[in-house]
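This is work_25.txt (compact mmCIF, N, CA and C atoms).
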```
# COMPACT_ATOMS: atom_id res chain seq x y z
N MET A 1 -9.05 -173.38 -57.31
CA MET A 1 -9.86 -172.42 -58.04
C MET A 1 -11.24 -173.05 -58.23
N ASP A 2 -12.26 -172.39 -57.76
CA ASP A 2 -13.63 -172.88 -57.87
C ASP A 2 -14.33 -172.11 -58.98
N ILE A 3 -14.27 -172.66 -60.19
CA ILE A 3 -14.85 -172.01 -61.37
C ILE A 3 -15.87 -172.97 -61.98
N HIS A 4 -16.99 -172.42 -62.42
CA HIS A 4 -17.99 -173.22 -63.12
C HIS A 4 -18.64 -172.33 -64.17
N PRO A 5 -19.31 -172.94 -65.15
CA PRO A 5 -19.97 -172.14 -66.18
C PRO A 5 -20.99 -171.18 -65.58
N ILE A 6 -21.17 -170.06 -66.25
CA ILE A 6 -22.18 -169.09 -65.84
C ILE A 6 -23.44 -169.44 -66.61
N ARG A 7 -24.43 -169.97 -65.88
CA ARG A 7 -25.65 -170.45 -66.53
C ARG A 7 -26.86 -169.58 -66.25
N THR A 8 -26.83 -168.86 -65.15
CA THR A 8 -28.01 -168.08 -64.75
C THR A 8 -27.60 -166.62 -64.53
N GLU A 9 -28.61 -165.77 -64.46
CA GLU A 9 -28.36 -164.36 -64.17
C GLU A 9 -27.71 -164.21 -62.79
N ARG A 10 -28.10 -165.04 -61.87
CA ARG A 10 -27.49 -165.00 -60.52
C ARG A 10 -26.00 -165.36 -60.59
N ASP A 11 -25.65 -166.42 -61.36
CA ASP A 11 -24.24 -166.78 -61.55
C ASP A 11 -23.48 -165.60 -62.15
N TYR A 12 -24.11 -164.95 -63.13
CA TYR A 12 -23.50 -163.82 -63.82
C TYR A 12 -23.22 -162.67 -62.85
N LEU A 13 -24.22 -162.32 -62.05
CA LEU A 13 -24.03 -161.22 -61.10
C LEU A 13 -22.98 -161.55 -60.04
N THR A 14 -22.93 -162.79 -59.62
CA THR A 14 -21.91 -163.22 -58.67
C THR A 14 -20.52 -163.11 -59.28
N ALA A 15 -20.38 -163.52 -60.53
CA ALA A 15 -19.09 -163.43 -61.22
C ALA A 15 -18.68 -161.96 -61.37
N LEU A 16 -19.63 -161.09 -61.72
CA LEU A 16 -19.31 -159.66 -61.85
C LEU A 16 -18.81 -159.09 -60.52
N LYS A 17 -19.48 -159.45 -59.43
CA LYS A 17 -19.05 -158.96 -58.11
C LYS A 17 -17.65 -159.45 -57.77
N THR A 18 -17.36 -160.67 -58.15
CA THR A 18 -16.05 -161.25 -57.85
C THR A 18 -14.94 -160.51 -58.59
N VAL A 19 -15.16 -160.20 -59.87
CA VAL A 19 -14.09 -159.57 -60.64
C VAL A 19 -14.01 -158.06 -60.44
N GLU A 20 -15.10 -157.43 -60.04
CA GLU A 20 -15.10 -155.96 -59.95
C GLU A 20 -14.08 -155.44 -58.94
N ARG A 21 -13.80 -156.20 -57.91
CA ARG A 21 -12.82 -155.73 -56.92
C ARG A 21 -11.40 -155.66 -57.49
N HIS A 22 -11.18 -156.29 -58.65
CA HIS A 22 -9.86 -156.29 -59.27
C HIS A 22 -9.73 -155.27 -60.40
N PHE A 23 -10.78 -154.52 -60.69
CA PHE A 23 -10.73 -153.61 -61.83
C PHE A 23 -9.69 -152.50 -61.66
N ASP A 24 -9.55 -151.97 -60.47
CA ASP A 24 -8.58 -150.89 -60.25
C ASP A 24 -7.15 -151.41 -60.20
N THR A 25 -6.96 -152.57 -59.62
CA THR A 25 -5.62 -153.17 -59.54
C THR A 25 -5.74 -154.64 -59.89
N GLU A 26 -5.51 -154.94 -61.15
CA GLU A 26 -5.60 -156.32 -61.60
C GLU A 26 -4.51 -157.16 -60.95
N PRO A 27 -4.83 -158.40 -60.59
CA PRO A 27 -3.82 -159.26 -59.99
C PRO A 27 -2.77 -159.67 -61.02
N ASP A 28 -1.62 -160.08 -60.53
CA ASP A 28 -0.55 -160.58 -61.38
C ASP A 28 -1.10 -161.74 -62.21
N PRO A 29 -1.01 -161.67 -63.54
CA PRO A 29 -1.60 -162.70 -64.40
C PRO A 29 -1.02 -164.09 -64.17
N THR A 30 0.16 -164.19 -63.59
CA THR A 30 0.77 -165.50 -63.35
C THR A 30 0.41 -166.05 -61.98
N SER A 31 -0.32 -165.28 -61.18
CA SER A 31 -0.73 -165.76 -59.86
C SER A 31 -2.05 -166.52 -59.96
N GLU A 32 -2.40 -167.24 -58.91
CA GLU A 32 -3.67 -167.95 -58.90
C GLU A 32 -4.84 -166.97 -58.99
N ALA A 33 -4.73 -165.84 -58.30
CA ALA A 33 -5.78 -164.82 -58.37
C ALA A 33 -5.89 -164.26 -59.78
N GLY A 34 -4.76 -164.07 -60.44
CA GLY A 34 -4.76 -163.57 -61.81
C GLY A 34 -5.39 -164.54 -62.79
N GLU A 35 -5.09 -165.82 -62.61
CA GLU A 35 -5.68 -166.84 -63.47
C GLU A 35 -7.20 -166.92 -63.23
N HIS A 36 -7.60 -166.85 -62.00
CA HIS A 36 -9.03 -166.87 -61.65
C HIS A 36 -9.73 -165.68 -62.29
N PHE A 37 -9.14 -164.50 -62.18
CA PHE A 37 -9.67 -163.27 -62.78
C PHE A 37 -9.83 -163.43 -64.29
N GLU A 38 -8.82 -163.94 -64.94
CA GLU A 38 -8.83 -164.08 -66.40
C GLU A 38 -9.90 -165.08 -66.85
N VAL A 39 -10.02 -166.19 -66.15
CA VAL A 39 -11.02 -167.20 -66.52
C VAL A 39 -12.43 -166.66 -66.29
N LEU A 40 -12.65 -165.99 -65.17
CA LEU A 40 -13.98 -165.42 -64.92
C LEU A 40 -14.35 -164.38 -65.97
N LEU A 41 -13.39 -163.56 -66.38
CA LEU A 41 -13.68 -162.57 -67.43
C LEU A 41 -14.09 -163.26 -68.73
N ALA A 42 -13.43 -164.34 -69.07
CA ALA A 42 -13.78 -165.08 -70.29
C ALA A 42 -15.19 -165.65 -70.18
N LEU A 43 -15.52 -166.22 -69.03
CA LEU A 43 -16.86 -166.77 -68.83
C LEU A 43 -17.93 -165.68 -68.88
N ILE A 44 -17.62 -164.53 -68.31
CA ILE A 44 -18.54 -163.40 -68.34
C ILE A 44 -18.78 -162.95 -69.78
N GLN A 45 -17.71 -162.88 -70.57
CA GLN A 45 -17.85 -162.47 -71.97
C GLN A 45 -18.74 -163.43 -72.75
N VAL A 46 -18.58 -164.72 -72.53
CA VAL A 46 -19.41 -165.71 -73.21
C VAL A 46 -20.88 -165.54 -72.80
N TYR A 47 -21.13 -165.39 -71.52
CA TYR A 47 -22.50 -165.23 -71.03
C TYR A 47 -23.13 -163.96 -71.61
N GLU A 48 -22.38 -162.86 -71.59
CA GLU A 48 -22.91 -161.60 -72.12
C GLU A 48 -23.20 -161.70 -73.62
N ALA A 49 -22.35 -162.37 -74.36
CA ALA A 49 -22.57 -162.52 -75.80
C ALA A 49 -23.86 -163.29 -76.08
N ARG A 50 -24.16 -164.26 -75.23
CA ARG A 50 -25.38 -165.06 -75.42
C ARG A 50 -26.64 -164.39 -74.89
N HIS A 51 -26.53 -163.72 -73.75
CA HIS A 51 -27.72 -163.24 -73.06
C HIS A 51 -27.90 -161.73 -73.06
N HIS A 52 -26.85 -160.99 -73.36
CA HIS A 52 -26.93 -159.53 -73.39
C HIS A 52 -26.17 -159.00 -74.61
N PRO A 53 -26.55 -159.48 -75.81
CA PRO A 53 -25.79 -159.03 -77.00
C PRO A 53 -25.95 -157.54 -77.24
N VAL A 54 -24.91 -156.96 -77.78
CA VAL A 54 -24.91 -155.54 -78.11
C VAL A 54 -25.11 -155.42 -79.62
N ASP A 55 -26.14 -154.70 -80.02
CA ASP A 55 -26.41 -154.48 -81.43
C ASP A 55 -25.57 -153.30 -81.90
N LEU A 56 -24.61 -153.56 -82.77
CA LEU A 56 -23.68 -152.52 -83.22
C LEU A 56 -24.17 -151.79 -84.46
N THR A 57 -25.39 -152.07 -84.91
CA THR A 57 -25.89 -151.39 -86.11
C THR A 57 -26.73 -150.20 -85.75
```
I need this file expressed as structure tokens, please.
Amino acid sequence: MDIHPIRTERDYLTALKTVERHFDTEPDPTSEAGEHFEVLLALIQVYEARHHPVDLT
């Protein structure tokens, strides 16, 4: 599994492209693809919280 922190907008867009193909049919969470998907989603959430916060007020 080749995973690294998402530090730039380019990293972010690459991560989004990688996970988007699994949105309709998520991989088995116990498979390597499922673990990769889950970790990338977590990294994306952290990046979005820091760089694209949503104002809920």
Return the single residue from A:Leu13, A:Val19, A:Ile6, A:Val54 that is closest to His36 of chain A, with distances computed using all atoms listed in the file.
A:Val19
Expected answer as a PyMOL selection string: alpha helix (DSSP H) residues in chain A:
chain A and resi 9-20+32-51
Check the smallest atom-to-atom distance from each of A:Arg50, A:Leu56, A:Glu32, A:Leu40 to Leu16 of chain A using all atoms listed in the file, then report the winner.
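Residue with the minimum atom-to-atom distance to Leu16 of chain A: A:Leu40.
Atom CA of Asp2 of chain A is found 24.4 Å from atom CA of His52 of chain A.
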